[in-house]
Amino acid sequence: MEKLTKLSSIAIAILFSVFITTDVFGGGPWTKAKGKYYFKLSEWSLKFDQHYTDSGLIDPNITTGIYNTFLYAEYGLSDRLTTIFNGSLFSRNVMNNLRSATNNDILVQGDAINAIGDIDLAFKYSLSKPGAQIPIAVSVLLGVPTGVTGKGEFGNLQTGDGEFNQQLQIDIGKGFNFKSNSAYYSAYAAVNNRTKGFSEEFRFGAEFGLGIFNSRLWLSSKLNFIRSFKNGELSEEVNSTSIFANNTEFTSLGVEANLYLTEKIGISANYTSALSGRIIAAAPSYSFGIFIDVN
Amino acid sequence: MKIAFQATIFVSILISLNSCIGDDFLEDARDPEVRITTIVDTLGVNASLQLEYMYLNNVGVEEFIPVDWSTSDDDIAIINNQGLITGVSIGTVEVVAEVNLVEGLISDTISVIVGAETVTNSIELSGVIETTSSYKLTGDFTIAEQDQTNLLLTFDNEYCASDALPGLYIYLSNNPNSISDAFEIGEVDVFEGAHNYVINNVGIMDFSHIVYFCKPFNVKVGDGEIN
């Protein structure tokens, strides 16, 4: 059971890393001006009954849900240094009952846990001067395993990956006008160093955003890749389920809309789905949030 | 602003409702079965032996249902309603255990040789495990009685299983699609090559399949019929 618990912790860890850390680094190379901030409270949902196997094919699994209430915050410590917090204030991990289709008996009892999730703390430093044509920034992220692992009767429920990780990242981007609308594109590359038997990861991706209706509505699309160094323990030695598995690889495409209802307050919606993957949930995640953006 | 808060609350409620424990359904139907579980090579003349059986319902779970016992030739062996068989004269008979269900008659038949003395040798069964998923699982196995109470399950050199799964477990089951009422042998920690398991307090005729399940995901990985 201890081993099962350990394994469970890894599988869920990755999905969190993939889907959730993406938010932290979705901001591109732009840092907040000193004293300015951005807060977002969002609900994030992932429910899946199939997953990508180690060969990249899709197999069924018991329906599993992970639901998080996230607080995301950016604050400009200086014009070139921004601190970022992304934490799951409340996380729920659910697995369905498995019933016999023949006699309706419960074969495996479903289970659920509620707890705090993992927290990411990051610092982003702009290598270029504010207002640069092509800004470049570097970031360091610390993943703090505040979530729980190995919970539930079978030890397969968790709200975090149970490991500290450190991620170094570089972002580059450019803002420009597109048919009289504001637009931007950015790209990033990162190396994620993980502990407790998890393999290190190489992450990279790109984002394109377009502001319409006088930049009241921002539409963006994000493409993210994660490739495992596969230098950790075997998956069977690191117990994790769903989004927290070890040696997970992933290509995801997300679309997001941010609508400013006032000058500073708005709502956002995000849809992210895996285009391909290995040992990870094969289902889209959804999030919906409200934000305050003080520039 | 008010709309934003209302929308956020609405979405939160939707997510909360969506996050309840629901039901998944497993197609686990199989044909009911009567299985004579006593193994006897030769029954001695005038000797008696208690035959055992098990009835497995339409999901492979054992239930107690009385059977009707009979032999093909009372001049060679006779059997009473409790399954006690007695050798009468030298020869070979078919012993039948039969259950009359609403769906019809089901039965199991074994051959019993009646000879000079009773002989019971241990037997060895075998099979091939195959994947039923996208995860690698292959190999041949044998299962034999190690002693009165233990079985030895042995996999050959060709055995190979994916090590990518978190929590791969091996079971003995009477339903290849389900581990309900199955016997959990243990977590798989050998993923390549020959190895074996000692299984305590299980009869060699008690289960029909070896089943591999990923326990955390509750998903079947592969199986092998015991022949």
# chains A, B, ... in the order shown; residues from 1 in each chain; ligands from 1

call {"tool": "residues_around", "arguments": {"residues": "range 176-185 of chain B", "least_positions_apart": "2", "cutoff": "10 Å", "atoms": "only C-alpha atoms", "output": "mmCIF file with all heavy atoms, in the first residue's frame"}}
result
data_model
loop_
_atom_site.group_PDB
_atom_site.id
_atom_site.type_symbol
_atom_site.label_atom_id
_atom_site.label_comp_id
_atom_site.auth_asym_id
_atom_site.auth_seq_id
_atom_site.Cartn_x
_atom_site.Cartn_y
_atom_site.Cartn_z
ATOM 1 N N SER A 100 -20.960 -3.206 -11.353
ATOM 2 C CA SER A 100 -21.221 -4.278 -12.301
ATOM 3 C C SER A 100 -22.358 -3.867 -13.221
ATOM 4 O O SER A 100 -23.424 -3.461 -12.749
ATOM 5 C CB SER A 100 -21.598 -5.556 -11.547
ATOM 6 O OG SER A 100 -22.183 -6.487 -12.430
ATOM 7 N N ASP A 105 -24.018 -4.210 -8.653
ATOM 8 C CA ASP A 105 -23.238 -4.210 -7.416
ATOM 9 C C ASP A 105 -22.020 -3.294 -7.550
ATOM 10 O O ASP A 105 -21.450 -3.162 -8.640
ATOM 11 C CB ASP A 105 -22.733 -5.630 -7.092
ATOM 12 C CG ASP A 105 -23.846 -6.518 -6.565
ATOM 13 O OD1 ASP A 105 -24.945 -5.995 -6.298
ATOM 14 O OD2 ASP A 105 -23.609 -7.733 -6.434
ATOM 15 N N ILE A 106 -21.630 -2.697 -6.436
ATOM 16 C CA ILE A 106 -20.403 -1.904 -6.448
ATOM 17 C C ILE A 106 -19.205 -2.851 -6.355
ATOM 18 O O ILE A 106 -19.069 -3.612 -5.405
ATOM 19 C CB ILE A 106 -20.383 -0.892 -5.290
ATOM 20 C CG1 ILE A 106 -21.430 0.200 -5.531
ATOM 21 C CG2 ILE A 106 -19.000 -0.264 -5.146
ATOM 22 C CD1 ILE A 106 -21.459 1.285 -4.472
ATOM 23 N N LEU A 107 -18.364 -2.804 -7.366
ATOM 24 C CA LEU A 107 -17.183 -3.662 -7.393
ATOM 25 C C LEU A 107 -16.007 -2.986 -6.701
ATOM 26 O O LEU A 107 -15.239 -3.626 -5.993
ATOM 27 C CB LEU A 107 -16.813 -3.995 -8.846
ATOM 28 C CG LEU A 107 -17.932 -4.611 -9.698
ATOM 29 C CD1 LEU A 107 -17.479 -4.798 -11.134
ATOM 30 C CD2 LEU A 107 -18.379 -5.941 -9.100
ATOM 31 N N VAL A 108 -15.854 -1.708 -6.975
ATOM 32 C CA VAL A 108 -14.828 -0.916 -6.286
ATOM 33 C C VAL A 108 -15.490 0.379 -5.838
ATOM 34 O O VAL A 108 -16.047 1.114 -6.660
ATOM 35 C CB VAL A 108 -13.627 -0.607 -7.209
ATOM 36 C CG1 VAL A 108 -12.577 0.207 -6.444
ATOM 37 C CG2 VAL A 108 -13.005 -1.888 -7.755
ATOM 38 N N LEU B 26 -18.955 -1.728 -15.401
ATOM 39 C CA LEU B 26 -18.055 -2.716 -15.985
ATOM 40 C C LEU B 26 -18.880 -3.855 -16.581
ATOM 41 O O LEU B 26 -19.728 -4.427 -15.905
ATOM 42 C CB LEU B 26 -17.123 -3.270 -14.894
ATOM 43 C CG LEU B 26 -16.157 -4.367 -15.325
ATOM 44 C CD1 LEU B 26 -15.066 -3.793 -16.220
ATOM 45 C CD2 LEU B 26 -15.536 -5.047 -14.109
ATOM 46 N N GLU B 27 -18.623 -4.161 -17.839
ATOM 47 C CA GLU B 27 -19.294 -5.300 -18.486
ATOM 48 C C GLU B 27 -18.655 -6.582 -17.950
ATOM 49 O O GLU B 27 -17.569 -6.971 -18.366
ATOM 50 C CB GLU B 27 -19.143 -5.215 -20.006
ATOM 51 C CG GLU B 27 -19.864 -4.029 -20.640
ATOM 52 C CD GLU B 27 -21.383 -4.080 -20.443
ATOM 53 O OE1 GLU B 27 -21.912 -5.199 -20.235
ATOM 54 O OE2 GLU B 27 -22.022 -3.012 -20.486
ATOM 55 N N ASP B 28 -19.319 -7.196 -16.990
ATOM 56 C CA ASP B 28 -18.703 -8.331 -16.299
ATOM 57 C C ASP B 28 -19.528 -9.608 -16.387
ATOM 58 O O ASP B 28 -19.315 -10.553 -15.624
ATOM 59 C CB ASP B 28 -18.458 -7.980 -14.825
ATOM 60 C CG ASP B 28 -19.739 -7.586 -14.097
ATOM 61 O OD1 ASP B 28 -20.775 -7.419 -14.761
ATOM 62 O OD2 ASP B 28 -19.701 -7.466 -12.864
ATOM 63 N N ALA B 29 -20.463 -9.645 -17.321
ATOM 64 C CA ALA B 29 -21.307 -10.840 -17.445
ATOM 65 C C ALA B 29 -20.498 -12.014 -18.009
ATOM 66 O O ALA B 29 -19.642 -11.837 -18.864
ATOM 67 C CB ALA B 29 -22.493 -10.546 -18.348
ATOM 68 N N ARG B 30 -20.770 -13.181 -17.495
ATOM 69 C CA ARG B 30 -20.180 -14.412 -18.022
ATOM 70 C C ARG B 30 -21.184 -15.535 -17.785
ATOM 71 O O ARG B 30 -22.153 -15.380 -17.036
ATOM 72 C CB ARG B 30 -18.846 -14.737 -17.350
ATOM 73 C CG ARG B 30 -18.870 -14.678 -15.842
ATOM 74 C CD ARG B 30 -17.881 -15.620 -15.227
ATOM 75 N NE ARG B 30 -18.330 -17.007 -15.365
ATOM 76 C CZ ARG B 30 -17.592 -18.064 -15.061
ATOM 77 N NH1 ARG B 30 -16.358 -17.914 -14.635
ATOM 78 N NH2 ARG B 30 -18.063 -19.288 -15.176
ATOM 79 N N VAL B 59 -21.571 -13.496 -12.830
ATOM 80 C CA VAL B 59 -20.444 -12.556 -12.794
ATOM 81 C C VAL B 59 -19.204 -13.240 -12.208
ATOM 82 O O VAL B 59 -18.238 -12.566 -11.842
ATOM 83 C CB VAL B 59 -20.786 -11.267 -11.990
ATOM 84 C CG1 VAL B 59 -21.794 -10.426 -12.742
ATOM 85 C CG2 VAL B 59 -21.282 -11.604 -10.587
ATOM 86 N N GLY B 60 -19.252 -14.545 -12.114
ATOM 87 C CA GLY B 60 -18.078 -15.286 -11.662
ATOM 88 C C GLY B 60 -17.888 -15.316 -10.165
ATOM 89 O O GLY B 60 -16.799 -15.638 -9.685
ATOM 90 N N VAL B 61 -18.936 -14.988 -9.425
ATOM 91 C CA VAL B 61 -18.847 -15.012 -7.967
ATOM 92 C C VAL B 61 -19.431 -16.335 -7.461
ATOM 93 O O VAL B 61 -20.487 -16.779 -7.921
ATOM 94 C CB VAL B 61 -19.606 -13.815 -7.352
ATOM 95 C CG1 VAL B 61 -19.662 -13.935 -5.833
ATOM 96 C CG2 VAL B 61 -18.921 -12.512 -7.747
ATOM 97 N N GLU B 62 -18.747 -16.946 -6.506
ATOM 98 C CA GLU B 62 -19.183 -18.247 -6.001
ATOM 99 C C GLU B 62 -20.441 -18.110 -5.162
ATOM 100 O O GLU B 62 -20.556 -17.217 -4.313
ATOM 101 C CB GLU B 62 -18.060 -18.879 -5.161
ATOM 102 C CG GLU B 62 -18.395 -20.304 -4.748
ATOM 103 C CD GLU B 62 -17.245 -20.992 -4.028
ATOM 104 O OE1 GLU B 62 -16.206 -20.347 -3.799
ATOM 105 O OE2 GLU B 62 -17.408 -22.184 -3.693
ATOM 106 N N THR B 132 -4.727 -6.885 -22.802
ATOM 107 C CA THR B 132 -6.046 -6.488 -23.309
ATOM 108 C C THR B 132 -6.126 -4.959 -23.331
ATOM 109 O O THR B 132 -7.202 -4.388 -23.404
ATOM 110 C CB THR B 132 -7.163 -7.036 -22.398
ATOM 111 O OG1 THR B 132 -6.915 -6.596 -21.053
ATOM 112 C CG2 THR B 132 -7.211 -8.548 -22.445
ATOM 113 N N LEU B 153 3.005 -20.414 -8.887
ATOM 114 C CA LEU B 153 2.734 -19.817 -10.197
ATOM 115 C C LEU B 153 4.072 -19.378 -10.775
ATOM 116 O O LEU B 153 4.774 -18.555 -10.194
ATOM 117 C CB LEU B 153 1.795 -18.611 -10.037
ATOM 118 C CG LEU B 153 1.538 -17.755 -11.268
ATOM 119 C CD1 LEU B 153 0.855 -18.560 -12.372
ATOM 120 C CD2 LEU B 153 0.676 -16.543 -10.892
ATOM 121 N N TYR B 169 -1.127 -4.883 -10.481
ATOM 122 C CA TYR B 169 -1.374 -5.995 -9.561
ATOM 123 C C TYR B 169 -1.806 -7.229 -10.329
ATOM 124 O O TYR B 169 -2.413 -7.130 -11.397
ATOM 125 C CB TYR B 169 -2.468 -5.623 -8.534
ATOM 126 C CG TYR B 169 -1.941 -4.815 -7.368
ATOM 127 C CD1 TYR B 169 -1.481 -3.512 -7.557
ATOM 128 C CD2 TYR B 169 -1.887 -5.356 -6.089
ATOM 129 C CE1 TYR B 169 -0.990 -2.776 -6.502
ATOM 130 C CE2 TYR B 169 -1.398 -4.617 -5.017
ATOM 131 C CZ TYR B 169 -0.955 -3.337 -5.227
ATOM 132 O OH TYR B 169 -0.457 -2.595 -4.180
ATOM 133 N N ILE B 170 -1.516 -8.385 -9.752
ATOM 134 C CA ILE B 170 -1.878 -9.659 -10.368
ATOM 135 C C ILE B 170 -2.890 -10.379 -9.471
ATOM 136 O O ILE B 170 -2.747 -10.373 -8.245
ATOM 137 C CB ILE B 170 -0.627 -10.520 -10.645
ATOM 138 C CG1 ILE B 170 -1.009 -11.860 -11.267
ATOM 139 C CG2 ILE B 170 0.221 -10.707 -9.405
ATOM 140 C CD1 ILE B 170 0.197 -12.677 -11.737
ATOM 141 N N TYR B 171 -3.889 -10.959 -10.111
ATOM 142 C CA TYR B 171 -4.998 -11.607 -9.377
ATOM 143 C C TYR B 171 -5.295 -12.974 -9.983
ATOM 144 O O TYR B 171 -5.020 -13.224 -11.169
ATOM 145 C CB TYR B 171 -6.278 -10.770 -9.497
ATOM 146 C CG TYR B 171 -6.199 -9.389 -8.915
ATOM 147 C CD1 TYR B 171 -5.672 -8.339 -9.662
ATOM 148 C CD2 TYR B 171 -6.667 -9.114 -7.628
ATOM 149 C CE1 TYR B 171 -5.600 -7.052 -9.135
ATOM 150 C CE2 TYR B 171 -6.606 -7.839 -7.100
ATOM 151 C CZ TYR B 171 -6.069 -6.817 -7.854
ATOM 152 O OH TYR B 171 -5.999 -5.548 -7.328
ATOM 153 N N LEU B 172 -5.926 -13.812 -9.175
ATOM 154 C CA LEU B 172 -6.598 -15.003 -9.666
ATOM 155 C C LEU B 172 -8.088 -14.697 -9.630
ATOM 156 O O LEU B 172 -8.603 -14.217 -8.608
ATOM 157 C CB LEU B 172 -6.301 -16.207 -8.768
ATOM 158 C CG LEU B 172 -4.865 -16.754 -8.819
ATOM 159 C CD1 LEU B 172 -4.665 -17.773 -7.695
ATOM 160 C CD2 LEU B 172 -4.575 -17.405 -10.171
ATOM 161 N N SER B 173 -8.778 -14.945 -10.738
ATOM 162 C CA SER B 173 -10.186 -14.574 -10.798
ATOM 163 C C SER B 173 -10.983 -15.603 -11.581
ATOM 164 O O SER B 173 -10.439 -16.343 -12.405
ATOM 165 C CB SER B 173 -10.321 -13.194 -11.469
ATOM 166 O OG SER B 173 -11.681 -12.837 -11.579
ATOM 167 N N ASN B 174 -12.260 -15.634 -11.318
ATOM 168 C CA ASN B 174 -13.158 -16.468 -12.121
ATOM 169 C C ASN B 174 -13.915 -15.639 -13.145
ATOM 170 O O ASN B 174 -14.849 -16.124 -13.784
ATOM 171 C CB ASN B 174 -14.138 -17.216 -11.210
ATOM 172 C CG ASN B 174 -13.480 -18.430 -10.583
ATOM 173 O OD1 ASN B 174 -12.888 -19.247 -11.283
ATOM 174 N ND2 ASN B 174 -13.539 -18.522 -9.264
ATOM 175 N N GLU B 187 1.348 -7.110 -5.716
ATOM 176 C CA GLU B 187 1.785 -6.099 -6.672
ATOM 177 C C GLU B 187 2.913 -6.661 -7.521
ATOM 178 O O GLU B 187 3.798 -7.356 -7.026
ATOM 179 C CB GLU B 187 2.252 -4.843 -5.943
ATOM 180 C CG GLU B 187 2.626 -3.736 -6.912
ATOM 181 C CD GLU B 187 2.989 -2.439 -6.201
ATOM 182 O OE1 GLU B 187 3.005 -2.415 -4.968
ATOM 183 O OE2 GLU B 187 3.266 -1.456 -6.919
ATOM 184 N N VAL B 188 2.870 -6.341 -8.791
ATOM 185 C CA VAL B 188 3.897 -6.817 -9.711
ATOM 186 C C VAL B 188 5.172 -6.003 -9.513
ATOM 187 O O VAL B 188 5.147 -4.770 -9.562
ATOM 188 C CB VAL B 188 3.406 -6.683 -11.174
ATOM 189 C CG1 VAL B 188 4.519 -7.031 -12.152
ATOM 190 C CG2 VAL B 188 2.191 -7.566 -11.401
ATOM 191 N N TYR B 197 5.478 -16.924 -8.070
ATOM 192 C CA TYR B 197 4.739 -16.518 -6.875
ATOM 193 C C TYR B 197 4.296 -17.768 -6.129
ATOM 194 O O TYR B 197 3.819 -18.716 -6.751
ATOM 195 C CB TYR B 197 3.476 -15.736 -7.239
ATOM 196 C CG TYR B 197 3.689 -14.440 -7.992
ATOM 197 C CD1 TYR B 197 3.689 -14.426 -9.381
ATOM 198 C CD2 TYR B 197 3.871 -13.242 -7.313
ATOM 199 C CE1 TYR B 197 3.862 -13.245 -10.077
ATOM 200 C CE2 TYR B 197 4.047 -12.057 -8.005
ATOM 201 C CZ TYR B 197 4.039 -12.061 -9.391
ATOM 202 O OH TYR B 197 4.215 -10.893 -10.073
ATOM 203 N N VAL B 198 4.440 -17.746 -4.830
ATOM 204 C CA VAL B 198 3.857 -18.797 -3.998
ATOM 205 C C VAL B 198 2.517 -18.268 -3.492
ATOM 206 O O VAL B 198 2.434 -17.173 -2.919
ATOM 207 C CB VAL B 198 4.777 -19.148 -2.810
ATOM 208 C CG1 VAL B 198 4.083 -20.154 -1.895
ATOM 209 C CG2 VAL B 198 6.106 -19.708 -3.326
ATOM 210 N N ILE B 199 1.460 -19.024 -3.765
ATOM 211 C CA ILE B 199 0.106 -18.583 -3.416
ATOM 212 C C ILE B 199 -0.429 -19.501 -2.322
ATOM 213 O O ILE B 199 -0.546 -20.714 -2.520
ATOM 214 C CB ILE B 199 -0.807 -18.630 -4.657
ATOM 215 C CG1 ILE B 199 -0.175 -17.832 -5.803
ATOM 216 C CG2 ILE B 199 -2.188 -18.094 -4.323
ATOM 217 C CD1 ILE B 199 -0.819 -18.085 -7.153
ATOM 218 N N ASN B 200 -0.736 -18.899 -1.204
ATOM 219 C CA ASN B 200 -1.145 -19.691 -0.041
ATOM 220 C C ASN B 200 -2.659 -19.896 0.021
ATOM 221 O O ASN B 200 -3.429 -18.993 -0.306
ATOM 222 C CB ASN B 200 -0.697 -18.996 1.251
ATOM 223 C CG ASN B 200 0.810 -18.823 1.293
ATOM 224 O OD1 ASN B 200 1.546 -19.732 0.944
ATOM 225 N ND2 ASN B 200 1.262 -17.651 1.694
ATOM 226 N N VAL B 202 -4.950 -21.574 -1.580
ATOM 227 C CA VAL B 202 -5.811 -21.529 -2.763
ATOM 228 C C VAL B 202 -5.707 -22.863 -3.474
ATOM 229 O O VAL B 202 -4.606 -23.404 -3.638
ATOM 230 C CB VAL B 202 -5.371 -20.395 -3.723
ATOM 231 C CG1 VAL B 202 -6.166 -20.445 -5.022
ATOM 232 C CG2 VAL B 202 -5.546 -19.027 -3.058
ATOM 233 N N ASP B 206 -9.571 -23.565 -8.129
ATOM 234 C CA ASP B 206 -10.459 -22.523 -7.583
ATOM 235 C C ASP B 206 -10.679 -21.338 -8.528
ATOM 236 O O ASP B 206 -11.663 -20.601 -8.372
ATOM 237 C CB ASP B 206 -9.902 -21.986 -6.256
ATOM 238 C CG ASP B 206 -10.045 -23.000 -5.128
ATOM 239 O OD1 ASP B 206 -10.679 -24.051 -5.371
ATOM 240 O OD2 ASP B 206 -9.528 -22.742 -4.032
ATOM 241 N N PHE B 207 -9.740 -21.106 -9.444
ATOM 242 C CA PHE B 207 -9.852 -19.934 -10.328
ATOM 243 C C PHE B 207 -9.583 -20.327 -11.773
ATOM 244 O O PHE B 207 -8.852 -21.274 -12.050
ATOM 245 C CB PHE B 207 -8.877 -18.837 -9.890
ATOM 246 C CG PHE B 207 -9.226 -18.254 -8.542
ATOM 247 C CD1 PHE B 207 -8.591 -18.709 -7.391
ATOM 248 C CD2 PHE B 207 -10.201 -17.274 -8.427
ATOM 249 C CE1 PHE B 207 -8.915 -18.196 -6.147
ATOM 250 C CE2 PHE B 207 -10.532 -16.757 -7.183
ATOM 251 C CZ PHE B 207 -9.890 -17.212 -6.039
ATOM 252 N N SER B 208 -10.177 -19.551 -12.669
ATOM 253 C CA SER B 208 -10.066 -19.873 -14.092
ATOM 254 C C SER B 208 -9.116 -18.958 -14.851
ATOM 255 O O SER B 208 -8.722 -19.267 -15.972
ATOM 256 C CB SER B 208 -11.456 -19.796 -14.743
ATOM 257 O OG SER B 208 -11.964 -18.461 -14.656
ATOM 258 N N HIS B 209 -8.795 -17.803 -14.272
ATOM 259 C CA HIS B 209 -7.986 -16.829 -15.015
ATOM 260 C C HIS B 209 -6.951 -16.153 -14.118
ATOM 261 O O HIS B 209 -7.191 -15.962 -12.915
ATOM 262 C CB HIS B 209 -8.860 -15.729 -15.627
ATOM 263 C CG HIS B 209 -9.660 -16.180 -16.804
ATOM 264 N ND1 HIS B 209 -10.835 -16.892 -16.671
ATOM 265 C CD2 HIS B 209 -9.448 -16.039 -18.142
ATOM 266 C CE1 HIS B 209 -11.315 -17.148 -17.871
ATOM 267 N NE2 HIS B 209 -10.490 -16.651 -18.790
ATOM 268 N N ILE B 210 -5.859 -15.764 -14.740
ATOM 269 C CA ILE B 210 -4.930 -14.801 -14.137
ATOM 270 C C ILE B 210 -5.267 -13.453 -14.756
ATOM 271 O O ILE B 210 -5.430 -13.343 -15.982
ATOM 272 C CB ILE B 210 -3.474 -15.200 -14.422
ATOM 273 C CG1 ILE B 210 -3.119 -16.419 -13.582
ATOM 274 C CG2 ILE B 210 -2.521 -14.049 -14.131
ATOM 275 C CD1 ILE B 210 -1.768 -16.997 -13.890
ATOM 276 N N VAL B 211 -5.404 -12.448 -13.925
ATOM 277 C CA VAL B 211 -5.795 -11.127 -14.420
ATOM 278 C C VAL B 211 -4.818 -10.075 -13.893
ATOM 279 O O VAL B 211 -4.443 -10.098 -12.713
ATOM 280 C CB VAL B 211 -7.232 -10.764 -13.965
ATOM 281 C CG1 VAL B 211 -7.639 -9.410 -14.512
ATOM 282 C CG2 VAL B 211 -8.215 -11.825 -14.423
ATOM 283 N N TYR B 212 -4.399 -9.185 -14.769
ATOM 284 C CA TYR B 212 -3.545 -8.065 -14.382
ATOM 285 C C TYR B 212 -4.382 -6.790 -14.383
ATOM 286 O O TYR B 212 -5.038 -6.480 -15.376
ATOM 287 C CB TYR B 212 -2.367 -7.905 -15.356
ATOM 288 C CG TYR B 212 -1.262 -8.908 -15.128
ATOM 289 C CD1 TYR B 212 -1.372 -10.207 -15.602
ATOM 290 C CD2 TYR B 212 -0.107 -8.561 -14.426
ATOM 291 C CE1 TYR B 212 -0.365 -11.134 -15.385
ATOM 292 C CE2 TYR B 212 0.902 -9.471 -14.213
ATOM 293 C CZ TYR B 212 0.778 -10.759 -14.693
ATOM 294 O OH TYR B 212 1.772 -11.674 -14.479
ATOM 295 N N PHE B 213 -4.352 -6.089 -13.285
ATOM 296 C CA PHE B 213 -5.126 -4.856 -13.137
ATOM 297 C C PHE B 213 -4.213 -3.736 -12.658
ATOM 298 O O PHE B 213 -3.343 -3.952 -11.808
ATOM 299 C CB PHE B 213 -6.238 -5.044 -12.101
ATOM 300 C CG PHE B 213 -7.621 -5.028 -12.675
ATOM 301 C CD1 PHE B 213 -8.080 -6.103 -13.406
ATOM 302 C CD2 PHE B 213 -8.457 -3.949 -12.480
ATOM 303 C CE1 PHE B 213 -9.364 -6.105 -13.924
ATOM 304 C CE2 PHE B 213 -9.740 -3.934 -13.001
ATOM 305 C CZ PHE B 213 -10.200 -5.015 -13.722
ATOM 306 N N LYS B 215 -4.272 -1.066 -10.281
ATOM 307 C CA LYS B 215 -5.156 -0.800 -9.147
ATOM 308 C C LYS B 215 -5.519 0.684 -8.993
ATOM 309 O O LYS B 215 -6.690 1.014 -8.787
ATOM 310 C CB LYS B 215 -4.502 -1.323 -7.872
ATOM 311 C CG LYS B 215 -5.445 -1.653 -6.756
ATOM 312 C CD LYS B 215 -4.693 -2.392 -5.670
ATOM 313 C CE LYS B 215 -5.596 -2.719 -4.505
ATOM 314 N NZ LYS B 215 -4.863 -3.428 -3.455
ATOM 315 N N ASN B 218 -7.960 1.414 -11.626
ATOM 316 C CA ASN B 218 -9.052 0.449 -11.753
ATOM 317 C C ASN B 218 -9.259 0.019 -13.189
ATOM 318 O O ASN B 218 -10.385 0.002 -13.690
ATOM 319 C CB ASN B 218 -10.357 1.031 -11.210
ATOM 320 C CG ASN B 218 -10.376 1.003 -9.702
ATOM 321 O OD1 ASN B 218 -9.772 0.129 -9.092
ATOM 322 N ND2 ASN B 218 -11.054 1.956 -9.100
ATOM 323 N N VAL B 219 -8.193 -0.307 -13.852
ATOM 324 C CA VAL B 219 -8.330 -0.682 -15.246
ATOM 325 C C VAL B 219 -7.595 -1.995 -15.505
ATOM 326 O O VAL B 219 -6.501 -2.231 -14.990
ATOM 327 C CB VAL B 219 -7.808 0.451 -16.167
ATOM 328 C CG1 VAL B 219 -6.334 0.695 -15.960
ATOM 329 C CG2 VAL B 219 -8.085 0.155 -17.621
ATOM 330 N N LYS B 220 -8.244 -2.848 -16.301
ATOM 331 C CA LYS B 220 -7.647 -4.127 -16.628
ATOM 332 C C LYS B 220 -6.531 -3.944 -17.640
ATOM 333 O O LYS B 220 -6.672 -3.186 -18.610
ATOM 334 C CB LYS B 220 -8.721 -5.062 -17.204
ATOM 335 C CG LYS B 220 -8.207 -6.434 -17.555
ATOM 336 C CD LYS B 220 -9.306 -7.271 -18.174
ATOM 337 C CE LYS B 220 -8.736 -8.557 -18.749
ATOM 338 N NZ LYS B 220 -9.770 -9.324 -19.453
ATOM 339 N N VAL B 221 -5.446 -4.668 -17.444
ATOM 340 C CA VAL B 221 -4.294 -4.565 -18.343
ATOM 341 C C VAL B 221 -4.192 -5.804 -19.227
ATOM 342 O O VAL B 221 -3.881 -5.710 -20.411
ATOM 343 C CB VAL B 221 -2.998 -4.370 -17.525
ATOM 344 C CG1 VAL B 221 -1.771 -4.372 -18.438
ATOM 345 C CG2 VAL B 221 -3.068 -3.072 -16.729
ATOM 346 N N GLY B 222 -4.469 -6.989 -18.665
ATOM 347 C CA GLY B 222 -4.393 -8.206 -19.470
ATOM 348 C C GLY B 222 -4.849 -9.397 -18.663
ATOM 349 O O GLY B 222 -5.166 -9.284 -17.474
ATOM 350 N N ASP B 223 -4.878 -10.559 -19.324
ATOM 351 C CA ASP B 223 -5.299 -11.767 -18.612
ATOM 352 C C ASP B 223 -4.749 -13.012 -19.289
ATOM 353 O O ASP B 223 -4.133 -12.936 -20.361
ATOM 354 C CB ASP B 223 -6.832 -11.834 -18.525
ATOM 355 C CG ASP B 223 -7.497 -11.955 -19.895
ATOM 356 O OD1 ASP B 223 -6.858 -12.455 -20.840
ATOM 357 O OD2 ASP B 223 -8.658 -11.543 -20.024
ATOM 358 N N GLY B 224 -4.963 -14.132 -18.645
ATOM 359 C CA GLY B 224 -4.586 -15.419 -19.210
ATOM 360 C C GLY B 224 -5.466 -16.492 -18.623
ATOM 361 O O GLY B 224 -5.683 -16.534 -17.404
ATOM 362 N N GLU B 225 -6.016 -17.342 -19.483
ATOM 363 C CA GLU B 225 -6.880 -18.420 -18.998
ATOM 364 C C GLU B 225 -6.025 -19.569 -18.486
ATOM 365 O O GLU B 225 -5.009 -19.931 -19.099
ATOM 366 C CB GLU B 225 -7.800 -18.898 -20.113
ATOM 367 C CG GLU B 225 -8.827 -19.910 -19.635
ATOM 368 C CD GLU B 225 -9.845 -20.264 -20.722
ATOM 369 O OE1 GLU B 225 -9.685 -19.765 -21.856
ATOM 370 O OE2 GLU B 225 -10.761 -21.039 -20.427
#

call {"tool": "residues_around", "arguments": {"residues": "range 124-137 of chain A", "least_positions_apart": "4", "cutoff": "9 Å", "atoms": "only C-alpha atoms", "output": "number ranges by chain"}}
result
A: 28-31, 33, 79-84, 141, 169-175

call {"tool": "select_by_dssp", "arguments": {"residues": "range 113-267 of chain A", "states": "strand (DSSP E or B)", "output": "ChimeraX atom specification"}}
result
/A:113-115,119-126,136-144,151,157,165-178,181-194,201-212,217-228,240,244,249-260,265-267

call {"tool": "atom_distance", "arguments": {"atom1": "CA of His195 in chain B", "atom2": "CA of Ile143 in chain B"}}
result
12.2 Å

call {"tool": "closest_residue", "arguments": {"among": "B:Leu43, B:Asn196, B:Ile106, B:Leu49", "to": "Ile76 in chain B", "atoms": "only C-alpha atoms"}}
result
B:Leu43

call {"tool": "residues_around", "arguments": {"residues": "range 71-76 of chain A", "least_positions_apart": "2", "cutoff": "6 Å", "atoms": "only C-alpha atoms", "output": "PyMOL selection string"}}
result
chain A and resi 32-41+78+82-87
